[in-house]
Amino acid sequence: MSSTQTTEVSEPRVVHLEDLKVMVGGQGGDGTLTVINLLSHALKQIGAYTYDTRNVLSRIRGGHADGVLRASVRPILSIGDGLDVLVAFDEEAVEVAKEQLLDHAVIIYDNSHSQLKTVLKPTVKVYSAKFGEIAGLELKKTLLKNTISFAVLCRVLGLADQLAEEAINWRYARRGGDVLQSNLQALKIGFRLADQLGVKPSISFPKTEPKQGLIQITGDEAVGIGFIAGGGRFYAGYPITPASEILEYLQANLPKFNGVALQAEDEISAINMALGASLAGARAMVATSGPGQDLMTEGLGQAGMAEIPLVIVEVQRAGPSTGMPTKHEQSDVNHVVFAGHGDFPRLVVAPADASDCFYLTVDALNLAEKYQLPVFILMDQALGQNTQTVPEFDFSRVSVDRGKLLSPADLSRMSVYKRYEFTEDGISPRTLPGTPDGFFQVTGNEHNEWGFVSVDRTNRAKIMRKRMLKVEVAKKDMPRGRVYGDQDARIGFISYGSNLGPILEAIEQLGKRGVKTKFLLLRSIYPLLEEVQEFLETVDTAFVVESNLTGQLAGLIKREYGYADKIVGINKYDGS
């Protein structure tokens with residue numbers, strides 16, 4: 001039986017694209033995301049902007065998994081529609097993708113287990129070979145079918161063999177030895193196989209010089225870099241999808257900057273460790289997702305009551321309970337804004353792309369220390385884990401504001417020091433443990449200005465107002481939103497997070513149809529700023545776009561500013 005087959009009978013017509021979409025699909029453990037990463041790197045070298053996403057199950061191996069890469073000649077922040085190329089390691093991947101395949105699409109199919117039976121459009125080209133079997137026979141490792149398929153994919157796209165080889169070296173050079181050599185050998189086998197299949201370039205993408213000053217990065221990685229750049233020196237976390245990459249990044253890199261990043265036994269321990277580190281003077285952060293945030297809620301209240309600076313990254317996923325750990329959702333808005341027993345202050349900022357993840361992490365560290373309270377960085381699975389092309393971070397923009405942190409000299413000039421002193425802005429001067437002549441008293445109970453436990457009614461009312469005042473005062477320092485689109489439009493969108501990319505493209509498509517729209521991208525979720533009211537006053541209808549069933553952001557806007565007659569929800573909650 002022949003190990004290869006192709007439907008090609010004539011020289012293929014080359015389709016020239018400035019916006020390319022490729023899916024690689026198979027079973028968990030097939031290395032689908034590796035092919036996406038290799039292709040993303042190769043396309044970056046010819047000047048492409050890239051964005052990729054993943055569709056995986058919450059397991060180590062097995063079950064359908066795929067990655068999708070979009071490359072464009074212009075900046076992009078969404079995955080787009082349709083598929084130009086599909087690399088399928090099994091027929092299930094073809095079934096999953098077939099409705100998205102465009103008329104000119106090309107399929108590279110591994111028929112190691114079965115010939116392709118799925119009925120496709122007659123215009124779809126199929127190159128079929130026993131990738132897995134060949135890798136097992138020639139390289140003694142079936143997994144190397146992914147590198148073999150990458151070689152064939154590069155030929156379909158007309159990418160130079162040298163470019164593909166450079167991508168392999170980029171990916172595996174650090175591992176060196178047999179790993180690098182076996183992948184380079186698999187690449188050669190793939191090129192040989194492409195020749196046997198008669199593969200000719202059928203899709204082309206414009207080739208330019210690599211764009212300077214751009215990086216490919218995920219939101220989670222950007223948060224890690226922002227934490228280090230912003231002076232963060234203590235991180236505690238527990239592995240949880242889709243926030244685990246923050247822990248992994250900081251464990252690998254924070255010690256290089258004399259910081260500590262550790263994996264606690266659970267989320268309860270993580271937040272309490274971070275509270276202790278913050279009290280001792282370190283800029284501290286934790287990161288988690290919905291189920292972990294449930295466990296951190298008691299510690300959150302402690303931070304609010306004792307006025308302890310702390311940054312909490314909440315990378316949302318589909319819930320409730322364990323939910324769908326690897327799937328996208330934005331259903332924790334109510335959780336981060338309202339969670340906790342009793343009233344206490346907190347701030348919530350919301351980055352929209354990887355650049356925002358870097359800069360808003362720095363901002364969150366400053367806000368936490370300046371206002372002495374917990375600050376949430378509210379993200380989502382797509383923002384946290386998808387890779388995107390963004391400008392290199394400008395470290396000259398980073399500054400550190402530790403607020404009313406007293407030095408020994410500051411303290412010596414004070415006639416009396418009270419840790420929770422009543423002030424006009426609600427922010428009390430603070431010292432660190434061990435500061436000479438500094439009185440240090442911390443409790444989770446209600447307390448007076450000195451920090452001593454108090455149940456006095458007058459004190460209770462006064463100190464509650466003191467703490468909550470900080471939320472109002474902080475508005476002046478909260479990150480402002482951005483307005484896109486036609487400023488005169490009477491139809492508006494309001495949203496946050498990774499919805500930025502899809503909404504910008506929707507505005508563009510609507511504009512081509514003669515429909516004028518504009519978009520308020522929120523970067524502060526709590527407190528909501530006056531920009532929301534100002535925007536609502538300029539439109540007849542505001543579509544609030546969010547990935548949850550109940551319209552949590554829309555509900556928060558109505559609660560704070562009203563305008564219920566203008567607000568219409570666009571809600572997506574299928575996990576995609």
# chains A, B, ... in the order shown; residues from 1 in each chain; ligands from 1
$ residues_around --residues "A:Ala382" --least-positions-apart "6" --cutoff "8 Å" --atoms "only C-alpha atoms" --output "list in words"
Thr53, His328 and Ser498 of chain A
$ write_last_selection --atoms "N, CA and C atoms" --output "mmCIF file, in the first residue's frame"
data_model
loop_
_atom_site.group_PDB
_atom_site.id
_atom_site.type_symbol
_atom_site.label_atom_id
_atom_site.label_comp_id
_atom_site.auth_asym_id
_atom_site.auth_seq_id
_atom_site.Cartn_x
_atom_site.Cartn_y
_atom_site.Cartn_z
ATOM 1 N N THR A 53 -4.647 30.840 18.789
ATOM 2 C CA THR A 53 -5.524 30.397 19.860
ATOM 3 C C THR A 53 -5.472 28.890 19.950
ATOM 4 N N HIS A 328 -12.929 29.544 27.232
ATOM 5 C CA HIS A 328 -12.998 30.987 27.453
ATOM 6 C C HIS A 328 -14.354 31.414 28.018
ATOM 7 N N SER A 498 -10.321 40.629 25.931
ATOM 8 C CA SER A 498 -9.967 40.133 24.606
ATOM 9 C C SER A 498 -11.040 40.396 23.566
#
$ residues_around --residues "A:Asn169" --least-positions-apart "4" --cutoff "9 Å" --atoms "only C-alpha atoms" --output "tab-separated table (two decimals) with all heavy atoms, in the first residue's frame"
chain	number	residue	atom	x	y	z
A	164	ALA	N	12.10	27.30	7.45
A	164	ALA	CA	11.58	26.23	8.29
A	164	ALA	C	12.66	25.66	9.20
A	164	ALA	O	12.43	25.40	10.39
A	164	ALA	CB	11.00	25.13	7.42
A	165	GLU	N	13.86	25.50	8.66
A	165	GLU	CA	14.97	24.97	9.45
A	165	GLU	C	15.34	25.94	10.57
A	165	GLU	O	15.63	25.52	11.70
A	165	GLU	CB	16.18	24.72	8.55
A	165	GLU	CG	17.35	24.09	9.29
A	165	GLU	CD	18.51	23.75	8.37
A	165	GLU	OE1	18.28	23.58	7.15
A	165	GLU	OE2	19.65	23.65	8.88
A	173	ALA	N	16.94	24.52	19.92
A	173	ALA	CA	18.37	24.72	20.16
A	173	ALA	C	18.72	24.63	21.63
A	173	ALA	O	19.76	24.07	22.01
A	173	ALA	CB	18.83	26.05	19.58
A	174	ARG	N	17.86	25.18	22.48
A	174	ARG	CA	18.16	25.16	23.92
A	174	ARG	C	18.16	23.75	24.49
A	174	ARG	O	18.83	23.47	25.47
A	174	ARG	CB	17.16	26.04	24.67
A	174	ARG	CG	17.41	27.54	24.53
A	174	ARG	CD	16.34	28.36	25.20
A	174	ARG	NE	15.05	28.19	24.54
A	174	ARG	CZ	13.93	28.80	24.91
A	174	ARG	NH1	13.94	29.61	25.94
A	174	ARG	NH2	12.81	28.60	24.23
A	176	GLY	N	18.92	21.10	22.52
A	176	GLY	CA	20.12	20.55	21.90
A	176	GLY	C	20.10	19.04	21.72
A	176	GLY	O	19.06	18.38	21.80
A	180	LEU	N	17.15	18.20	19.12
A	180	LEU	CA	17.32	19.09	17.97
A	180	LEU	C	17.59	18.29	16.70
A	180	LEU	O	16.97	18.53	15.65
A	180	LEU	CB	18.46	20.07	18.24
A	180	LEU	CG	18.84	20.99	17.07
A	180	LEU	CD1	17.66	21.85	16.65
A	180	LEU	CD2	20.03	21.86	17.46
A	183	ASN	N	14.56	16.41	15.26
A	183	ASN	CA	13.60	17.29	14.62
A	183	ASN	C	14.12	17.82	13.28
A	183	ASN	O	13.34	17.98	12.33
A	183	ASN	CB	13.23	18.45	15.55
A	183	ASN	CG	12.15	18.08	16.54
A	183	ASN	OD1	10.95	18.12	16.23
A	183	ASN	ND2	12.55	17.68	17.74
A	184	LEU	N	15.41	18.09	13.20
A	184	LEU	CA	15.98	18.49	11.92
A	184	LEU	C	15.88	17.35	10.91
A	184	LEU	O	15.60	17.58	9.72
A	184	LEU	CB	17.43	18.92	12.10
A	184	LEU	CG	17.65	20.25	12.82
A	184	LEU	CD1	19.13	20.47	13.13
A	184	LEU	CD2	17.12	21.41	11.99
$ closest_residue --among "A:Thr443, A:Gln316, A:Thr538, A:Gln216" --to "A:Ser355" --atoms "only C-alpha atoms"
A:Gln216
$ residues_around --residues "stretch 69-76 of chain A" --least-positions-apart "4" --cutoff "7 Å" --atoms "only C-alpha atoms" --output "ChimeraX atom specification"
/A:18-23,36,48-53,501
$ write_last_selection --atoms "all heavy atoms" --output "JSON list (two decimals), in the first residue's frame"
[["chain", "number", "residue", "atom", "x", "y", "z"],
["A", 18, "GLU", "N", -3.39, 38.25, 2.09],
["A", 18, "GLU", "CA", -2.79, 39.15, 3.07],
["A", 18, "GLU", "C", -3.31, 38.85, 4.47],
["A", 18, "GLU", "O", -2.92, 39.51, 5.43],
["A", 18, "GLU", "CB", -3.08, 40.60, 2.69],
["A", 18, "GLU", "CG", -2.38, 41.03, 1.41],
["A", 18, "GLU", "CD", -2.53, 42.51, 1.14],
["A", 18, "GLU", "OE1", -3.39, 43.16, 1.78],
["A", 18, "GLU", "OE2", -1.77, 43.03, 0.31],
["A", 19, "ASP", "N", -4.19, 37.87, 4.56],
["A", 19, "ASP", "CA", -4.75, 37.43, 5.85],
["A", 19, "ASP", "C", -4.89, 35.91, 5.77],
["A", 19, "ASP", "O", -5.72, 35.40, 5.02],
["A", 19, "ASP", "CB", -6.10, 38.09, 6.10],
["A", 19, "ASP", "CG", -6.50, 38.05, 7.57],
["A", 19, "ASP", "OD1", -6.67, 36.94, 8.10],
["A", 19, "ASP", "OD2", -6.63, 39.12, 8.19],
["A", 20, "LEU", "N", -4.07, 35.21, 6.51],
["A", 20, "LEU", "CA", -3.96, 33.75, 6.39],
["A", 20, "LEU", "C", -4.39, 33.10, 7.69],
["A", 20, "LEU", "O", -4.03, 33.55, 8.78],
["A", 20, "LEU", "CB", -2.49, 33.40, 6.10],
["A", 20, "LEU", "CG", -2.08, 31.93, 6.20],
["A", 20, "LEU", "CD1", -2.69, 31.13, 5.05],
["A", 20, "LEU", "CD2", -0.56, 31.81, 6.20],
["A", 21, "LYS", "N", -5.15, 31.98, 7.56],
["A", 21, "LYS", "CA", -5.59, 31.25, 8.76],
["A", 21, "LYS", "C", -5.32, 29.76, 8.58],
["A", 21, "LYS", "O", -5.74, 29.15, 7.60],
["A", 21, "LYS", "CB", -7.08, 31.50, 9.02],
["A", 21, "LYS", "CG", -7.36, 32.93, 9.48],
["A", 21, "LYS", "CD", -8.82, 33.26, 9.47],
["A", 21, "LYS", "CE", -9.31, 33.52, 8.06],
["A", 21, "LYS", "NZ", -8.77, 34.75, 7.45],
["A", 22, "VAL", "N", -4.60, 29.20, 9.57],
["A", 22, "VAL", "CA", -4.17, 27.81, 9.53],
["A", 22, "VAL", "C", -4.60, 27.12, 10.81],
["A", 22, "VAL", "O", -4.38, 27.64, 11.91],
["A", 22, "VAL", "CB", -2.64, 27.70, 9.37],
["A", 22, "VAL", "CG1", -2.20, 26.23, 9.40],
["A", 22, "VAL", "CG2", -2.17, 28.39, 8.10],
["A", 23, "MET", "N", -5.21, 25.93, 10.68],
["A", 23, "MET", "CA", -5.54, 25.11, 11.84],
["A", 23, "MET", "C", -4.71, 23.84, 11.80],
["A", 23, "MET", "O", -4.50, 23.24, 10.74],
["A", 23, "MET", "CB", -7.02, 24.74, 11.87],
["A", 23, "MET", "CG", -7.38, 23.77, 13.01],
["A", 23, "MET", "SD", -9.10, 23.17, 12.97],
["A", 23, "MET", "CE", -9.95, 24.59, 13.65],
["A", 36, "ILE", "N", 1.85, 25.02, 15.37],
["A", 36, "ILE", "CA", 1.41, 26.41, 15.37],
["A", 36, "ILE", "C", 2.54, 27.34, 15.79],
["A", 36, "ILE", "O", 2.78, 28.40, 15.17],
["A", 36, "ILE", "CB", 0.19, 26.59, 16.30],
["A", 36, "ILE", "CG1", -1.04, 25.88, 15.72],
["A", 36, "ILE", "CG2", -0.10, 28.06, 16.56],
["A", 36, "ILE", "CD1", -1.56, 26.49, 14.44],
["A", 48, "ALA", "N", 5.09, 39.12, 9.20],
["A", 48, "ALA", "CA", 3.67, 38.97, 9.51],
["A", 48, "ALA", "C", 3.38, 39.35, 10.96],
["A", 48, "ALA", "O", 4.20, 39.15, 11.86],
["A", 48, "ALA", "CB", 3.22, 37.54, 9.27],
["A", 49, "TYR", "N", 2.19, 39.90, 11.16],
["A", 49, "TYR", "CA", 1.61, 39.99, 12.50],
["A", 49, "TYR", "C", 0.84, 38.70, 12.73],
["A", 49, "TYR", "O", 0.13, 38.21, 11.83],
["A", 49, "TYR", "CB", 0.65, 41.17, 12.59],
["A", 49, "TYR", "CG", 1.29, 42.52, 12.50],
["A", 49, "TYR", "CD1", 1.45, 43.14, 11.25],
["A", 49, "TYR", "CD2", 1.72, 43.21, 13.63],
["A", 49, "TYR", "CE1", 2.04, 44.40, 11.16],
["A", 49, "TYR", "CE2", 2.29, 44.47, 13.54],
["A", 49, "TYR", "CZ", 2.45, 45.05, 12.29],
["A", 49, "TYR", "OH", 3.02, 46.29, 12.21],
["A", 50, "THR", "N", 0.94, 38.12, 13.91],
["A", 50, "THR", "CA", 0.29, 36.84, 14.16],
["A", 50, "THR", "C", -0.57, 36.88, 15.43],
["A", 50, "THR", "O", -0.34, 37.68, 16.33],
["A", 50, "THR", "CB", 1.32, 35.70, 14.31],
["A", 50, "THR", "OG1", 2.15, 35.96, 15.45],
["A", 50, "THR", "CG2", 2.17, 35.57, 13.06],
["A", 51, "TYR", "N", -1.53, 35.98, 15.44],
["A", 51, "TYR", "CA", -2.39, 35.78, 16.61],
["A", 51, "TYR", "C", -2.78, 34.31, 16.59],
["A", 51, "TYR", "O", -3.19, 33.78, 15.55],
["A", 51, "TYR", "CB", -3.64, 36.66, 16.53],
["A", 51, "TYR", "CG", -4.55, 36.56, 17.74],
["A", 51, "TYR", "CD1", -4.41, 37.42, 18.82],
["A", 51, "TYR", "CD2", -5.55, 35.60, 17.80],
["A", 51, "TYR", "CE1", -5.24, 37.35, 19.92],
["A", 51, "TYR", "CE2", -6.39, 35.52, 18.90],
["A", 51, "TYR", "CZ", -6.23, 36.38, 19.97],
["A", 51, "TYR", "OH", -7.06, 36.30, 21.07],
["A", 52, "ASP", "N", -2.63, 33.62, 17.71],
["A", 52, "ASP", "CA", -3.02, 32.21, 17.71],
["A", 52, "ASP", "C", -3.87, 31.88, 18.92],
["A", 52, "ASP", "O", -3.85, 32.60, 19.94],
["A", 52, "ASP", "CB", -1.80, 31.28, 17.63],
["A", 52, "ASP", "CG", -0.94, 31.28, 18.90],
["A", 52, "ASP", "OD1", -1.48, 31.15, 20.00],
["A", 52, "ASP", "OD2", 0.29, 31.41, 18.77],
["A", 53, "THR", "N", -4.65, 30.84, 18.79],
["A", 53, "THR", "CA", -5.52, 30.40, 19.86],
["A", 53, "THR", "C", -5.47, 28.89, 19.95],
["A", 53, "THR", "O", -5.01, 28.20, 19.02],
["A", 53, "THR", "CB", -6.97, 30.87, 19.62],
["A", 53, "THR", "OG1", -7.78, 30.55, 20.75],
["A", 53, "THR", "CG2", -7.56, 30.21, 18.38],
["A", 501, "GLY", "N", -10.29, 42.88, 19.92],
["A", 501, "GLY", "CA", -10.01, 42.53, 18.53],
["A", 501, "GLY", "C", -11.26, 42.27, 17.71],
["A", 501, "GLY", "O", -11.45, 42.88, 16.64]]
$ residues_around --residues "A:Val349" --least-positions-apart "4" --cutoff "8 Å" --atoms "only C-alpha atoms" --output "JSON list (two decimals) with C-alpha atoms, in the first residue's frame"
[["chain", "number", "residue", "atom", "x", "y", "z"],
["A", 360, "LEU", "CA", -1.58, 47.61, 33.82],
["A", 364, "ALA", "CA", -1.90, 47.67, 39.67],
["A", 375, "VAL", "CA", -6.32, 45.33, 43.22],
["A", 376, "PHE", "CA", -7.64, 42.83, 40.69],
["A", 377, "ILE", "CA", -6.26, 42.44, 37.20],
["A", 378, "LEU", "CA", -9.26, 40.92, 35.42],
["A", 478, "MET", "CA", -7.50, 54.41, 37.40],
["A", 479, "PRO", "CA", -6.65, 53.56, 33.77],
["A", 523, "ARG", "CA", -9.87, 49.33, 31.25],
["A", 524, "SER", "CA", -11.33, 50.04, 34.70],
["A", 525, "ILE", "CA", -14.18, 47.76, 35.76],
["A", 526, "TYR", "CA", -14.46, 48.90, 39.38]]
$ residues_around --residues "stretch 544-558 of chain A" --least-positions-apart "2" --cutoff "6 Å" --atoms "only C-alpha atoms" --output "PyMOL selection string"
chain A and resi 329-331+493-495+560-562+564+569-573
$ residues_around --residues "stretch 108-118 of chain A" --least-positions-apart "2" --cutoff "8 Å" --atoms "only C-alpha atoms" --output "mmCIF file with N, CA and C atoms, in the first residue's frame"
data_model
loop_
_atom_site.group_PDB
_atom_site.id
_atom_site.type_symbol
_atom_site.label_atom_id
_atom_site.label_comp_id
_atom_site.auth_asym_id
_atom_site.auth_seq_id
_atom_site.Cartn_x
_atom_site.Cartn_y
_atom_site.Cartn_z
ATOM 1 N N VAL A 85 -5.814 26.687 5.459
ATOM 2 C CA VAL A 85 -5.058 25.432 5.494
ATOM 3 C C VAL A 85 -5.422 24.673 6.760
ATOM 4 N N LEU A 86 -5.562 23.355 6.619
ATOM 5 C CA LEU A 86 -5.792 22.477 7.765
ATOM 6 C C LEU A 86 -4.761 21.364 7.757
ATOM 7 N N VAL A 87 -4.035 21.226 8.850
ATOM 8 C CA VAL A 87 -3.189 20.050 9.081
ATOM 9 C C VAL A 87 -3.947 19.165 10.045
ATOM 10 N N ALA A 88 -4.323 17.961 9.604
ATOM 11 C CA ALA A 88 -5.185 17.082 10.405
ATOM 12 C C ALA A 88 -4.472 15.761 10.668
ATOM 13 N N PHE A 89 -4.299 15.432 11.928
ATOM 14 C CA PHE A 89 -3.675 14.167 12.304
ATOM 15 C C PHE A 89 -4.693 13.045 12.451
ATOM 16 N N ASP A 90 -5.972 13.364 12.322
ATOM 17 C CA ASP A 90 -7.014 12.345 12.308
ATOM 18 C C ASP A 90 -8.252 12.912 11.628
ATOM 19 N N GLU A 91 -9.219 12.068 11.368
ATOM 20 C CA GLU A 91 -10.410 12.508 10.648
ATOM 21 C C GLU A 91 -11.298 13.391 11.518
ATOM 22 N N VAL A 94 -10.726 16.916 10.778
ATOM 23 C CA VAL A 94 -11.354 17.367 9.542
ATOM 24 C C VAL A 94 -12.839 17.651 9.780
ATOM 25 N N GLU A 95 -13.494 16.779 10.533
ATOM 26 C CA GLU A 95 -14.912 16.989 10.837
ATOM 27 C C GLU A 95 -15.123 18.291 11.609
ATOM 28 N N VAL A 106 -6.573 24.065 1.638
ATOM 29 C CA VAL A 106 -5.700 22.911 1.460
ATOM 30 C C VAL A 106 -5.692 22.112 2.756
ATOM 31 N N LEU A 120 -15.961 16.644 1.264
ATOM 32 C CA LEU A 120 -15.490 18.029 1.261
ATOM 33 C C LEU A 120 -15.910 18.730 -0.021
ATOM 34 N N VAL A 126 -6.324 18.149 -1.159
ATOM 35 C CA VAL A 126 -5.927 17.267 -0.068
ATOM 36 C C VAL A 126 -4.597 16.601 -0.399
ATOM 37 N N TYR A 127 -3.630 16.743 0.503
ATOM 38 C CA TYR A 127 -2.384 15.989 0.447
ATOM 39 C C TYR A 127 -2.407 15.005 1.609
ATOM 40 N N SER A 128 -2.292 13.737 1.294
ATOM 41 C CA SER A 128 -2.451 12.714 2.320
ATOM 42 C C SER A 128 -1.233 11.808 2.362
ATOM 43 N N ALA A 129 -0.752 11.506 3.572
ATOM 44 C CA ALA A 129 0.399 10.623 3.761
ATOM 45 C C ALA A 129 0.377 10.053 5.167
ATOM 46 N N LYS A 130 1.165 8.995 5.353
ATOM 47 C CA LYS A 130 1.219 8.333 6.667
ATOM 48 C C LYS A 130 2.287 9.002 7.537
ATOM 49 N N PHE A 131 2.023 10.205 7.969
ATOM 50 C CA PHE A 131 3.007 10.970 8.747
ATOM 51 C C PHE A 131 3.451 10.224 10.009
ATOM 52 N N GLY A 132 2.476 9.750 10.768
ATOM 53 C CA GLY A 132 2.798 9.069 12.008
ATOM 54 C C GLY A 132 3.551 7.779 11.785
ATOM 55 N N GLU A 133 3.140 7.011 10.792
ATOM 56 C CA GLU A 133 3.809 5.741 10.502
ATOM 57 C C GLU A 133 5.234 5.971 10.034
ATOM 58 N N SER A 149 4.967 17.142 9.254
ATOM 59 C CA SER A 149 3.836 17.880 8.688
ATOM 60 C C SER A 149 4.166 19.360 8.542
ATOM 61 N N VAL A 152 5.848 19.912 5.209
ATOM 62 C CA VAL A 152 4.886 19.897 4.100
ATOM 63 C C VAL A 152 4.069 21.190 4.093
ATOM 64 N N LEU A 153 3.680 21.652 5.275
ATOM 65 C CA LEU A 153 2.922 22.890 5.402
ATOM 66 C C LEU A 153 3.710 24.068 4.829
#
$ closest_residue --among "A:Ala368, A:Leu144, A:Ala194, A:Ala222" --to "A:Asp30" --atoms "only C-alpha atoms"
A:Leu144
$ atom_distance --atom1 "atom CA of A:Ile134" --atom2 "atom CA of A:Ala65"
21.8 Å
$ atom_distance --atom1 "atom CA of A:Phe519" --atom2 "atom CA of A:Ala287"
29.0 Å
$ closest_residue --among "A:Gly136, A:Gly198, A:Gly26, A:Pro242" --to "A:Thr326" --atoms "only C-alpha atoms"
A:Pro242
$ closest_atom_pairs --of "stretch 210-292 of chain A" --to "stretch 395-399 of chain A" --cutoff "9 Å" --atoms "only C-alpha atoms" --output "JSON lines"
{"residue": "A:Gly226", "atom": "CA", "partner": "A:Val398", "partner_atom": "CA", "distance": 8.9}
{"residue": "A:Ala229", "atom": "CA", "partner": "A:Val398", "partner_atom": "CA", "distance": 7.2}
{"residue": "A:Gly230", "atom": "CA", "partner": "A:Val398", "partner_atom": "CA", "distance": 6.6}
$ write_last_selection --atoms "C-alpha atoms" --output "PDB file, in the first residue's frame"
ATOM      1  CA  GLY A 226       5.185  43.640  34.180  1.00  0.00           C
ATOM      2  CA  ALA A 229       9.519  45.481  35.945  1.00  0.00           C
ATOM      3  CA  GLY A 230       7.122  47.103  38.419  1.00  0.00           C
TER       4      GLY A 230
END
$ residues_around --residues "A:Ala461" --least-positions-apart "6" --cutoff "12 Å" --atoms "only C-alpha atoms" --output "MDAnalysis selection string"
chainID A and resid 343 446:448 454:455 467:468
$ closest_residue --among "A:Thr123, A:Thr142, A:Thr458, A:Thr218" --to "A:Cys357" --atoms "only C-alpha atoms"
A:Thr218
$ closest_residue --among "A:Gly444, A:Lys475, A:Gly231, A:Gly25" --to "A:Lys98" --atoms "only C-alpha atoms"
A:Gly25
$ atom_distance --atom1 "atom CA of A:Asp540" --atom2 "atom CA of A:Leu500"
21.3 Å
$ closest_residue --among "A:Arg430, A:Lys476, A:Lys462, A:Arg59" --to "A:Asp410" --atoms "only C-alpha atoms"
A:Arg430
$ select_by_dssp --residues "stretch 108-146 of chain A" --states "strand (DSSP E or B)" --output "ChimeraX atom specification"
/A:108-110,125-129
